[in-house]
Amino acid sequence: MTTNLPCPDCGTDVSPDDQFCEACGGGLGVQAPVDGCAACGATEIDQDGFCARCGFRRPAARDRIDLDLPGVAGVSDRGLRHEHNEDAIAVRRVDGCGEVVVVVSDGVSTSDNPEDASAAAVEAAADTLVAALREGDDPARATRSAVVAAASAVAELVRDKPSDNAPACTIVSAVVSADRVTVGWVGDSRAYWLDRDPDAPSSCLTIDDSWATQMVAAGLADEETAFADSRAHALTAWLGADAGEVRPHTITVRPTGPGVVLVCSDGLWNYLWDADSLAAQTLPLAMTAPLASARALTRFALERGGHDNITVAVVPFPPRPASTGSTQE
Amino acid sequence: MSTSPEFRVDVYQNEYLPVGGREVNAIVTVAATGSGGAQAQGAAPAAEVIIVDCSGSMNYPPTKLREAKRATAAAIDTLRDGVRFAVIAGTERAGMVYPREGGLAVADARTRQRAKSSVAQLVADGGTAIGRWLSLADELFRGQDDAIRHAILLTDGRNEHESPAALEQTLAACHGRFVVDCRGVGTDWVVDELRKVANAMLGTVDIVADPVGLEADFQAMTATAMGKSVGDVRLRLWTPQGATIRFVKQAEPTVLDLTGRRIATSAQVGDYPTGAWGTESRDYHVCVEVNPAKVGDVMLAGRVSLVSVSPDGRDEVLGQGLVKATWTEDTARSTKIHPVVAHYTGQAELAEAIQEGLEARRVGDLDTATAKLGRAVALAARSGNTDTATLLAKVVDVDDPVTGRVRLKTKVSQADAMTLDTRSTKTSRVRKS
């Protein structure tokens, strides 16, 4: 029962029972696979993948993902109205320095195979970030490389499956280091700084590449008018073969006190966009229980209607120091 | 061993339901095809019982009895060697014609000859009690579990020497034990009564208005019976917990409601006997109500299997199909009715409209009769059911087949009205690709 496998991040042998790598602290895959039916709990699943009791098809692996690593957690949920989860999420810890990397991507549902785009984007970006940070790259520089790598990974999807409506997606990444937070993005997925101190300002760190936000930024409409427009959510920049030259936006902040970095797709912020409201909703729980916090925010969006895929990642700041390798129960 | 056909099950449905939608409709097509080349017909053991009405009315006109004897002889000649068989004379009782001592004879040149001599001596004298005839057939078939069991039942009159309740009881007891193809000769029998017998016994029903037609018909029926290679086939339906089965109907070649014939094997699984199969295809309409789920959820609303039940109680799954439900907000998808489902829904309505129209005509409610038969004309025209359209045109004058504007004919032969009634459940096929 103890066939050891290599950790996908550092190659050290890990036991199949481990949730995290003893050496690098990397998460060893998604949560334990669900046994039996996710809808009614019956254990017998037929050969076609349907529950033998209630008939529900075993949900696609991506319908609901709960990720839980030391000092970072994420949830991605299909929501209530979409047939697939076209969002994707990747979280990593960089061994040694204790930096946390989070990448979220939202597939553009009107493009072909958007779930391929978002999956390719988060994998390419997370791998590039981890490699660059290990090399000692500056987080801002690493972030730009990561977004560019994600853009080429998504653009290349059309090589295998030619398409008139190339797979497309957004991207937002956050590198949470001991002294700073570096965010990079293209599209309308967001990162927020939520300050632990209720009197200190919380803020949205990203500026959407969307029609509404660009109208407001250009002074052509006020926020209310712009977001009420039918074109409000139209993207003005994205990743994909038809995206043209991708110019990653990046921002670095140096928080003076503790707080939380929240990275999310519009499936969450459509229901709750104001940074102070998000802070009030999230803190202080998120400081000590990031997974519980990410789940609570996801539940909030589901209760509001869950009209879109919902993806939420929560990283307490300052990041938790790297595991010393002796904490396994 | 390899003579049993291969079963192919296909499901035609629109699996998309609107938010909150519950009703799932699907047409399940079962096609049994011979396994390769010129198939040795019916290597499977078979047992055949021929029931000939010998009530007094068979003498009026005398051609009825004469043709019934010729037809029975033709059927006997069609039995292949080795088939176990018997002939029953039906009156207010049931009597053995051949073999006279009871039981079943094994077909060969000698037994066939003896059986035909016995049939030739039949006389018509007595009443009609169909339930008793079937009870004797059931007795003869007992112990023949390894064989494909088939009977032909010929009658010319009303079932007047036993109570309807007694007949019902016998049908319930015999259901699924053997298949009976029923024929009414002349026009003095009751369509509804004989249809009930045929439906319960999973067989066909037809009218042979002119006794001269009996011989060819008996021969064809026997040949079809000899071509069956799997007996005791059941349609098994699994449904999810909390689901309700609205109905299960055979939709083709004839409309036959099977809903009430469910034999529950567990809370979620029930069997519907379908009788014996040769190389043929039948379509079934399954309608299940499920608990609605979230948009994007996919549910198995039904698993339809064809199962062969062997005498020792072992089940063999011959084929299966999945009926699914997917909830969507896209109304363009959820409001579409699958054309095959629509076709057979129309065919079921057609059969109902004909039967109700003829009943209304019989009791003198001419407005209802005109409306129902007009609706039937429109349905038959739209679905390309030309056989039924032709039969309808003998009962009504059609002004406009598209809208179903019709006038009742003032003079309609009894044979034409009964033919339309008897064949009202015959459905037309639809292109499925």
# chains A, B, ... in the order shown; residues from 1 in each chain; ligands from 1
call {"tool": "interface_residues", "arguments": {"of": "chain B", "to": "chain A", "cutoff": "12 Å", "atoms": "only C-alpha atoms", "output": "JSON list (two decimals) with N, CA, C and O atoms, in the first residue's frame"}}
result
[["chain", "number", "residue", "atom", "x", "y", "z"],
["B", 16, "TYR", "N", -32.47, 17.42, -23.27],
["B", 16, "TYR", "CA", -32.43, 18.72, -22.59],
["B", 16, "TYR", "C", -33.78, 19.09, -21.98],
["B", 16, "TYR", "O", -34.80, 19.03, -22.65],
["B", 18, "PRO", "N", -35.87, 22.04, -19.51],
["B", 18, "PRO", "CA", -35.76, 23.40, -19.00],
["B", 18, "PRO", "C", -35.52, 23.38, -17.48],
["B", 18, "PRO", "O", -35.70, 22.35, -16.84],
["B", 19, "VAL", "N", -35.14, 24.52, -16.92],
["B", 19, "VAL", "CA", -34.96, 24.63, -15.48],
["B", 19, "VAL", "C", -36.25, 24.18, -14.80],
["B", 19, "VAL", "O", -37.33, 24.64, -15.15],
["B", 238, "TRP", "N", -34.68, 0.45, -15.49],
["B", 238, "TRP", "CA", -34.17, 0.99, -14.23],
["B", 238, "TRP", "C", -34.48, 2.48, -14.23],
["B", 238, "TRP", "O", -34.30, 3.16, -15.24],
["B", 239, "THR", "N", -34.97, 2.98, -13.10],
["B", 239, "THR", "CA", -35.20, 4.42, -12.99],
["B", 239, "THR", "C", -34.56, 4.92, -11.70],
["B", 239, "THR", "O", -34.42, 4.16, -10.74],
["B", 240, "PRO", "N", -34.17, 6.20, -11.67],
["B", 240, "PRO", "CA", -33.52, 6.70, -10.46],
["B", 240, "PRO", "C", -34.50, 6.78, -9.29],
["B", 240, "PRO", "O", -35.72, 6.85, -9.49],
["B", 241, "GLN", "N", -33.93, 6.76, -8.10],
["B", 241, "GLN", "CA", -34.75, 6.85, -6.90],
["B", 241, "GLN", "C", -35.60, 8.12, -6.96],
["B", 241, "GLN", "O", -35.10, 9.19, -7.30],
["B", 242, "GLY", "N", -36.86, 8.01, -6.62],
["B", 242, "GLY", "CA", -37.73, 9.19, -6.61],
["B", 242, "GLY", "C", -38.39, 9.47, -7.95],
["B", 242, "GLY", "O", -39.20, 10.36, -8.06],
["B", 243, "ALA", "N", -38.05, 8.68, -8.98],
["B", 243, "ALA", "CA", -38.65, 8.90, -10.29],
["B", 243, "ALA", "C", -40.00, 8.19, -10.38],
["B", 243, "ALA", "O", -40.26, 7.24, -9.65],
["B", 266, "SER", "N", -37.19, -4.85, -8.15],
["B", 266, "SER", "CA", -36.74, -4.11, -6.97],
["B", 266, "SER", "C", -37.44, -2.76, -7.05],
["B", 266, "SER", "O", -38.18, -2.50, -8.00],
["B", 267, "ALA", "N", -37.18, -1.90, -6.06],
["B", 267, "ALA", "CA", -37.88, -0.62, -6.04],
["B", 267, "ALA", "C", -37.59, 0.18, -7.30],
["B", 267, "ALA", "O", -38.43, 0.91, -7.80],
["B", 268, "GLN", "N", -36.39, 0.03, -7.84],
["B", 268, "GLN", "CA", -36.00, 0.86, -8.97],
["B", 268, "GLN", "C", -35.97, 0.12, -10.30],
["B", 268, "GLN", "O", -35.67, 0.72, -11.32],
["B", 269, "VAL", "N", -36.27, -1.17, -10.27],
["B", 269, "VAL", "CA", -36.18, -1.96, -11.50],
["B", 269, "VAL", "C", -37.47, -2.73, -11.71],
["B", 269, "VAL", "O", -37.99, -3.36, -10.79],
["B", 290, "VAL", "N", -38.70, 12.73, -13.44],
["B", 290, "VAL", "CA", -37.59, 12.71, -12.48],
["B", 290, "VAL", "C", -37.61, 13.99, -11.64],
["B", 290, "VAL", "O", -38.29, 14.95, -11.99],
["B", 291, "ASN", "N", -36.86, 13.97, -10.56],
["B", 291, "ASN", "CA", -36.73, 15.18, -9.76],
["B", 291, "ASN", "C", -35.79, 16.14, -10.47],
["B", 291, "ASN", "O", -34.70, 15.75, -10.87],
["B", 292, "PRO", "N", -36.19, 17.40, -10.65],
["B", 292, "PRO", "CA", -35.34, 18.33, -11.38],
["B", 292, "PRO", "C", -34.01, 18.58, -10.66],
["B", 292, "PRO", "O", -33.95, 18.51, -9.43],
["B", 293, "ALA", "N", -32.98, 18.85, -11.44],
["B", 293, "ALA", "CA", -31.67, 19.13, -10.85],
["B", 293, "ALA", "C", -31.16, 20.47, -11.39],
["B", 293, "ALA", "O", -31.88, 21.19, -12.06],
["B", 294, "LYS", "N", -29.92, 20.76, -11.05],
["B", 294, "LYS", "CA", -29.33, 22.05, -11.44],
["B", 294, "LYS", "C", -29.04, 22.11, -12.93],
["B", 294, "LYS", "O", -28.82, 21.09, -13.56],
["B", 295, "VAL", "N", -28.98, 23.31, -13.45],
["B", 295, "VAL", "CA", -28.56, 23.49, -14.83],
["B", 295, "VAL", "C", -27.17, 22.89, -15.00],
["B", 295, "VAL", "O", -26.29, 23.08, -14.16],
["B", 296, "GLY", "N", -27.01, 22.13, -16.05],
["B", 296, "GLY", "CA", -25.71, 21.52, -16.33],
["B", 296, "GLY", "C", -25.59, 20.12, -15.75],
["B", 296, "GLY", "O", -24.73, 19.35, -16.16],
["B", 297, "ASP", "N", -26.44, 19.76, -14.80],
["B", 297, "ASP", "CA", -26.39, 18.42, -14.25],
["B", 297, "ASP", "C", -26.86, 17.42, -15.30],
["B", 297, "ASP", "O", -27.75, 17.70, -16.09],
["B", 298, "VAL", "N", -26.26, 16.26, -15.26],
["B", 298, "VAL", "CA", -26.66, 15.19, -16.16],
["B", 298, "VAL", "C", -27.14, 14.03, -15.31],
["B", 298, "VAL", "O", -26.48, 13.64, -14.36],
["B", 299, "MET", "N", -28.31, 13.52, -15.64],
["B", 299, "MET", "CA", -28.88, 12.44, -14.84],
["B", 299, "MET", "C", -29.26, 11.29, -15.77],
["B", 299, "MET", "O", -29.68, 11.51, -16.89],
["B", 300, "LEU", "N", -29.08, 10.09, -15.26],
["B", 300, "LEU", "CA", -29.59, 8.94, -15.98],
["B", 300, "LEU", "C", -31.05, 8.79, -15.57],
["B", 300, "LEU", "O", -31.36, 8.46, -14.43],
["B", 301, "ALA", "N", -31.96, 9.05, -16.50],
["B", 301, "ALA", "CA", -33.38, 9.00, -16.18],
["B", 301, "ALA", "C", -33.94, 7.60, -16.37],
["B", 301, "ALA", "O", -35.00, 7.27, -15.84],
["B", 302, "GLY", "N", -33.22, 6.77, -17.10],
["B", 302, "GLY", "CA", -33.67, 5.41, -17.30],
["B", 302, "GLY", "C", -32.61, 4.58, -18.00],
["B", 302, "GLY", "O", -31.90, 5.09, -18.85],
["B", 303, "ARG", "N", -32.51, 3.33, -17.59],
["B", 303, "ARG", "CA", -31.65, 2.40, -18.32],
["B", 303, "ARG", "C", -32.57, 1.31, -18.83],
["B", 303, "ARG", "O", -33.24, 0.63, -18.06],
["B", 320, "GLN", "N", -28.72, -2.85, -24.28],
["B", 320, "GLN", "CA", -29.29, -1.82, -23.43],
["B", 320, "GLN", "C", -29.03, -0.42, -23.96],
["B", 320, "GLN", "O", -28.12, -0.19, -24.76],
["B", 321, "GLY", "N", -29.87, 0.52, -23.53],
["B", 321, "GLY", "CA", -29.75, 1.91, -23.95],
["B", 321, "GLY", "C", -29.98, 2.81, -22.76],
["B", 321, "GLY", "O", -30.64, 2.43, -21.79],
["B", 322, "LEU", "N", -29.42, 4.03, -22.83],
["B", 322, "LEU", "CA", -29.53, 4.97, -21.72],
["B", 322, "LEU", "C", -30.44, 6.13, -22.09],
["B", 322, "LEU", "O", -30.32, 6.71, -23.17],
["B", 323, "VAL", "N", -31.34, 6.45, -21.19],
["B", 323, "VAL", "CA", -32.20, 7.63, -21.35],
["B", 323, "VAL", "C", -31.67, 8.68, -20.37],
["B", 323, "VAL", "O", -31.56, 8.42, -19.18],
["B", 324, "LYS", "N", -31.32, 9.84, -20.89],
["B", 324, "LYS", "CA", -30.66, 10.84, -20.04],
["B", 324, "LYS", "C", -31.47, 12.11, -19.89],
["B", 324, "LYS", "O", -32.37, 12.38, -20.68],
["B", 325, "ALA", "N", -31.11, 12.86, -18.89],
["B", 325, "ALA", "CA", -31.71, 14.18, -18.71],
["B", 325, "ALA", "C", -30.58, 15.17, -18.42],
["B", 325, "ALA", "O", -29.70, 14.88, -17.63],
["B", 326, "THR", "N", -30.61, 16.31, -19.10],
["B", 326, "THR", "CA", -29.65, 17.38, -18.85],
["B", 326, "THR", "C", -30.45, 18.67, -18.76],
["B", 326, "THR", "O", -31.27, 18.95, -19.62],
["B", 327, "TRP", "N", -30.20, 19.43, -17.71],
["B", 327, "TRP", "CA", -30.96, 20.67, -17.55],
["B", 327, "TRP", "C", -30.19, 21.83, -18.17],
["B", 327, "TRP", "O", -28.96, 21.93, -18.03],
["B", 328, "THR", "N", -30.93, 22.68, -18.87],
["B", 328, "THR", "CA", -30.28, 23.80, -19.54],
["B", 328, "THR", "C", -31.18, 25.03, -19.47],
["B", 328, "THR", "O", -32.40, 24.93, -19.37],
["B", 329, "GLU", "N", -30.53, 26.20, -19.53],
["B", 329, "GLU", "CA", -31.29, 27.45, -19.60],
["B", 329, "GLU", "C", -31.61, 27.81, -21.04],
["B", 329, "GLU", "O", -32.37, 28.73, -21.30],
["B", 330, "ASP", "N", -30.99, 27.10, -21.95],
["B", 330, "ASP", "CA", -31.14, 27.40, -23.37],
["B", 330, "ASP", "C", -32.49, 26.85, -23.84],
["B", 330, "ASP", "O", -32.64, 25.67, -24.10]]
call {"tool": "select_by_dssp", "arguments": {"residues": "range 46-152 of chain B", "states": "alpha helix (DSSP H)", "output": "ChimeraX atom specification"}}
result
/B:63-78,109-120,130-141
call {"tool": "select_by_dssp", "arguments": {"residues": "range 207-320 of chain A", "states": "strand (DSSP E or B)", "output": "list in words"}}
result
Ser210, Leu235, Leu239, Gly240, His249, Thr250, Ile251, Thr252, Val253, Gly259, Val260, Val261, Leu262, Val263, Cys264, Ile310, Thr311, Val312, Ala313, Val314, Val315, Pro316 and Phe317 of chain A
call {"tool": "write_last_selection", "arguments": {"atoms": "C-alpha atoms", "output": "tab-separated table (two decimals), in the first residue's frame"}}
result
chain	number	residue	atom	x	y	z
A	210	SER	CA	-13.39	45.33	-19.86
A	235	LEU	CA	-13.30	42.03	-22.69
A	239	LEU	CA	-5.32	35.43	-24.00
A	240	GLY	CA	-5.86	33.48	-27.19
A	249	HIS	CA	-0.38	44.42	-16.51
A	250	THR	CA	1.54	44.08	-13.28
A	251	ILE	CA	1.42	45.80	-9.92
A	252	THR	CA	3.45	45.31	-6.75
A	253	VAL	CA	2.30	46.42	-3.30
A	259	GLY	CA	-4.09	40.97	5.56
A	260	VAL	CA	-5.24	38.68	2.82
A	261	VAL	CA	-4.71	38.51	-0.93
A	262	LEU	CA	-7.91	37.44	-2.64
A	263	VAL	CA	-7.73	36.28	-6.28
A	264	CYS	CA	-11.01	35.54	-8.06
A	310	ILE	CA	-16.83	30.81	-9.37
A	311	THR	CA	-13.15	30.64	-8.54
A	312	VAL	CA	-11.64	32.03	-5.34
A	313	ALA	CA	-8.12	31.82	-3.92
A	314	VAL	CA	-7.19	33.15	-0.49
A	315	VAL	CA	-3.59	33.80	0.67
A	316	PRO	CA	-2.93	35.23	4.14
A	317	PHE	CA	-0.14	37.82	4.34
call {"tool": "residues_around", "arguments": {"residues": "range 193-202 of chain A", "least_positions_apart": "4", "cutoff": "9 Å", "atoms": "only C-alpha atoms", "output": "PyMOL selection string"}}
result
chain A and resi 181+253+255+257-262+275-276+278-280+282-284+287
call {"tool": "closest_residue", "arguments": {"among": "B:Leu122, B:Met96, B:Val205, B:Val30", "to": "Ala68 in chain B", "atoms": "only C-alpha atoms"}}
result
B:Leu122
call {"tool": "residues_around", "arguments": {"residues": "range 400-415 of chain B", "least_positions_apart": "4", "cutoff": "8 Å", "atoms": "only C-alpha atoms", "output": "number ranges by chain"}}
result
B: 186-187, 209, 366, 369-370, 373-378, 381-382, 394-396, 419
call {"tool": "write_last_selection", "arguments": {"atoms": "C-alpha atoms", "output": "compact mmCIF listing (two decimals), in the first residue's frame"}}
result
# COMPACT_ATOMS: atom_id res chain seq x y z
CA GLY B 186 -66.52 -12.53 -40.17
CA THR B 187 -68.01 -9.47 -38.49
CA ALA B 209 -63.65 -10.53 -42.87
CA LEU B 366 -72.10 12.02 -34.59
CA ALA B 369 -67.40 10.92 -34.17
CA THR B 370 -66.80 13.52 -36.89
CA LEU B 373 -62.21 10.76 -37.03
CA GLY B 374 -61.32 14.12 -38.62
CA ARG B 375 -58.44 14.46 -36.19
CA ALA B 376 -57.41 10.89 -37.09
CA VAL B 377 -57.42 11.73 -40.81
CA ALA B 378 -55.18 14.74 -40.18
CA ALA B 381 -51.94 12.30 -43.36
CA ARG B 382 -49.27 14.22 -41.49
CA LYS B 394 -63.85 3.95 -46.11
CA VAL B 395 -65.58 5.37 -43.05
CA VAL B 396 -65.47 9.12 -43.73
CA THR B 419 -61.09 -3.36 -39.97
call {"tool": "residues_around", "arguments": {"residues": "Asp146 in chain B", "least_positions_apart": "5", "cutoff": "8 Å", "atoms": "only C-alpha atoms", "output": "MDAnalysis selection string"}}
result
chainID B and resid 45 310:311
call {"tool": "write_last_selection", "arguments": {"atoms": "all heavy atoms", "output": "compact mmCIF listing (two decimals), in the first residue's frame"}}
result
# COMPACT_ATOMS: atom_id res chain seq x y z
N PRO B 45 -36.17 -24.67 -29.63
CA PRO B 45 -37.36 -25.52 -29.50
C PRO B 45 -38.62 -24.66 -29.47
O PRO B 45 -38.61 -23.57 -28.92
CB PRO B 45 -37.15 -26.21 -28.15
CG PRO B 45 -35.83 -25.79 -27.63
CD PRO B 45 -35.26 -24.73 -28.51
N SER B 310 -34.12 -17.16 -18.82
CA SER B 310 -34.10 -18.59 -19.14
C SER B 310 -34.87 -19.35 -18.07
O SER B 310 -35.11 -18.85 -16.98
CB SER B 310 -32.65 -19.08 -19.24
OG SER B 310 -31.99 -18.89 -18.02
N PRO B 311 -35.30 -20.61 -18.40
CA PRO B 311 -36.14 -21.39 -17.47
C PRO B 311 -35.52 -21.53 -16.09
O PRO B 311 -36.22 -21.56 -15.09
CB PRO B 311 -36.25 -22.75 -18.15
CG PRO B 311 -35.95 -22.51 -19.59
CD PRO B 311 -35.04 -21.33 -19.65
call {"tool": "residues_around", "arguments": {"residues": "Ala73 in chain B", "least_positions_apart": "2", "cutoff": "10 Å", "atoms": "only C-alpha atoms", "output": "PyMOL selection string"}}
result
chain B and resi 67-71+75-78+112-113+115-120+215+218-219
call {"tool": "residues_around", "arguments": {"residues": "Val130 in chain A", "least_positions_apart": "4", "cutoff": "8 Å", "atoms": "only C-alpha atoms", "output": "PDB file with N, CA, C and O atoms, in the first residue's frame"}}
result
ATOM      1  N   ARG A  92       0.643  27.160  -5.840  1.00  0.00           N
ATOM      2  CA  ARG A  92       1.940  26.520  -5.587  1.00  0.00           C
ATOM      3  C   ARG A  92       2.627  27.225  -4.431  1.00  0.00           C
ATOM      4  O   ARG A  92       2.405  28.415  -4.192  1.00  0.00           O
ATOM      5  N   ARG A  93       3.486  26.458  -3.773  1.00  0.00           N
ATOM      6  CA  ARG A  93       4.408  27.071  -2.820  1.00  0.00           C
ATOM      7  C   ARG A  93       5.808  26.883  -3.377  1.00  0.00           C
ATOM      8  O   ARG A  93       6.131  25.832  -3.906  1.00  0.00           O
ATOM      9  N   VAL A  94       6.587  27.927  -3.298  1.00  0.00           N
ATOM     10  CA  VAL A  94       7.949  27.815  -3.812  1.00  0.00           C
ATOM     11  C   VAL A  94       8.839  27.414  -2.652  1.00  0.00           C
ATOM     12  O   VAL A  94       8.865  28.097  -1.617  1.00  0.00           O
ATOM     13  N   VAL A 101       2.292  31.126  -4.783  1.00  0.00           N
ATOM     14  CA  VAL A 101       1.891  31.517  -6.130  1.00  0.00           C
ATOM     15  C   VAL A 101       0.447  31.061  -6.362  1.00  0.00           C
ATOM     16  O   VAL A 101       0.090  29.920  -6.058  1.00  0.00           O
ATOM     17  N   ALA A 126       1.769  29.089 -13.769  1.00  0.00           N
ATOM     18  CA  ALA A 126       2.260  28.632 -12.463  1.00  0.00           C
ATOM     19  C   ALA A 126       3.638  27.993 -12.604  1.00  0.00           C
ATOM     20  O   ALA A 126       4.551  28.269 -11.805  1.00  0.00           O
ATOM     21  N   ARG A 134      12.424  30.418  -8.378  1.00  0.00           N
ATOM     22  CA  ARG A 134      13.496  29.555  -7.883  1.00  0.00           C
ATOM     23  C   ARG A 134      14.855  30.020  -8.396  1.00  0.00           C
ATOM     24  O   ARG A 134      15.861  29.934  -7.714  1.00  0.00           O
TER      25      ARG A 134
END
call {"tool": "decode", "arguments": {"residues": "range 126-138 of chain B", "atoms": "N, CA and C atoms", "output": "PDB file, in the first residue's frame"}}
result
ATOM      1  N   GLY B 126     -72.024 -25.371 -30.437  1.00  0.00           N
ATOM      2  CA  GLY B 126     -71.750 -24.959 -29.058  1.00  0.00           C
ATOM      3  C   GLY B 126     -71.571 -23.446 -28.930  1.00  0.00           C
ATOM      4  N   GLY B 127     -71.020 -23.038 -27.813  1.00  0.00           N
ATOM      5  CA  GLY B 127     -70.908 -21.604 -27.503  1.00  0.00           C
ATOM      6  C   GLY B 127     -69.475 -21.097 -27.592  1.00  0.00           C
ATOM      7  N   THR B 128     -69.192 -19.984 -26.866  1.00  0.00           N
ATOM      8  CA  THR B 128     -67.879 -19.347 -26.924  1.00  0.00           C
ATOM      9  C   THR B 128     -67.431 -18.972 -25.516  1.00  0.00           C
ATOM     10  N   ALA B 129     -66.268 -19.502 -25.103  1.00  0.00           N
ATOM     11  CA  ALA B 129     -65.692 -19.153 -23.815  1.00  0.00           C
ATOM     12  C   ALA B 129     -64.174 -19.111 -23.963  1.00  0.00           C
ATOM     13  N   ILE B 130     -63.690 -17.973 -24.425  1.00  0.00           N
ATOM     14  CA  ILE B 130     -62.278 -17.838 -24.817  1.00  0.00           C
ATOM     15  C   ILE B 130     -61.331 -18.118 -23.652  1.00  0.00           C
ATOM     16  N   GLY B 131     -61.747 -17.701 -22.442  1.00  0.00           N
ATOM     17  CA  GLY B 131     -60.893 -17.912 -21.277  1.00  0.00           C
ATOM     18  C   GLY B 131     -60.605 -19.391 -21.046  1.00  0.00           C
ATOM     19  N   ARG B 132     -61.615 -20.223 -21.235  1.00  0.00           N
ATOM     20  CA  ARG B 132     -61.415 -21.662 -21.021  1.00  0.00           C
ATOM     21  C   ARG B 132     -60.485 -22.241 -22.081  1.00  0.00           C
ATOM     22  N   TRP B 133     -60.584 -21.722 -23.311  1.00  0.00           N
ATOM     23  CA  TRP B 133     -59.687 -22.203 -24.372  1.00  0.00           C
ATOM     24  C   TRP B 133     -58.239 -21.911 -23.984  1.00  0.00           C
ATOM     25  N   LEU B 134     -58.049 -20.667 -23.465  1.00  0.00           N
ATOM     26  CA  LEU B 134     -56.686 -20.265 -23.106  1.00  0.00           C
ATOM     27  C   LEU B 134     -56.167 -21.066 -21.917  1.00  0.00           C
ATOM     28  N   SER B 135     -57.078 -21.389 -20.987  1.00  0.00           N
ATOM     29  CA  SER B 135     -56.654 -22.171 -19.822  1.00  0.00           C
ATOM     30  C   SER B 135     -56.131 -23.540 -20.238  1.00  0.00           C
ATOM     31  N   LEU B 136     -56.817 -24.149 -21.234  1.00  0.00           N
ATOM     32  CA  LEU B 136     -56.351 -25.454 -21.708  1.00  0.00           C
ATOM     33  C   LEU B 136     -54.990 -25.308 -22.394  1.00  0.00           C
ATOM     34  N   ALA B 137     -54.857 -24.246 -23.193  1.00  0.00           N
ATOM     35  CA  ALA B 137     -53.559 -24.010 -23.858  1.00  0.00           C
ATOM     36  C   ALA B 137     -52.462 -23.860 -22.805  1.00  0.00           C
ATOM     37  N   ASP B 138     -52.772 -23.106 -21.751  1.00  0.00           N
ATOM     38  CA  ASP B 138     -51.790 -22.883 -20.677  1.00  0.00           C
ATOM     39  C   ASP B 138     -51.361 -24.209 -20.063  1.00  0.00           C
TER      40      ASP B 138
END
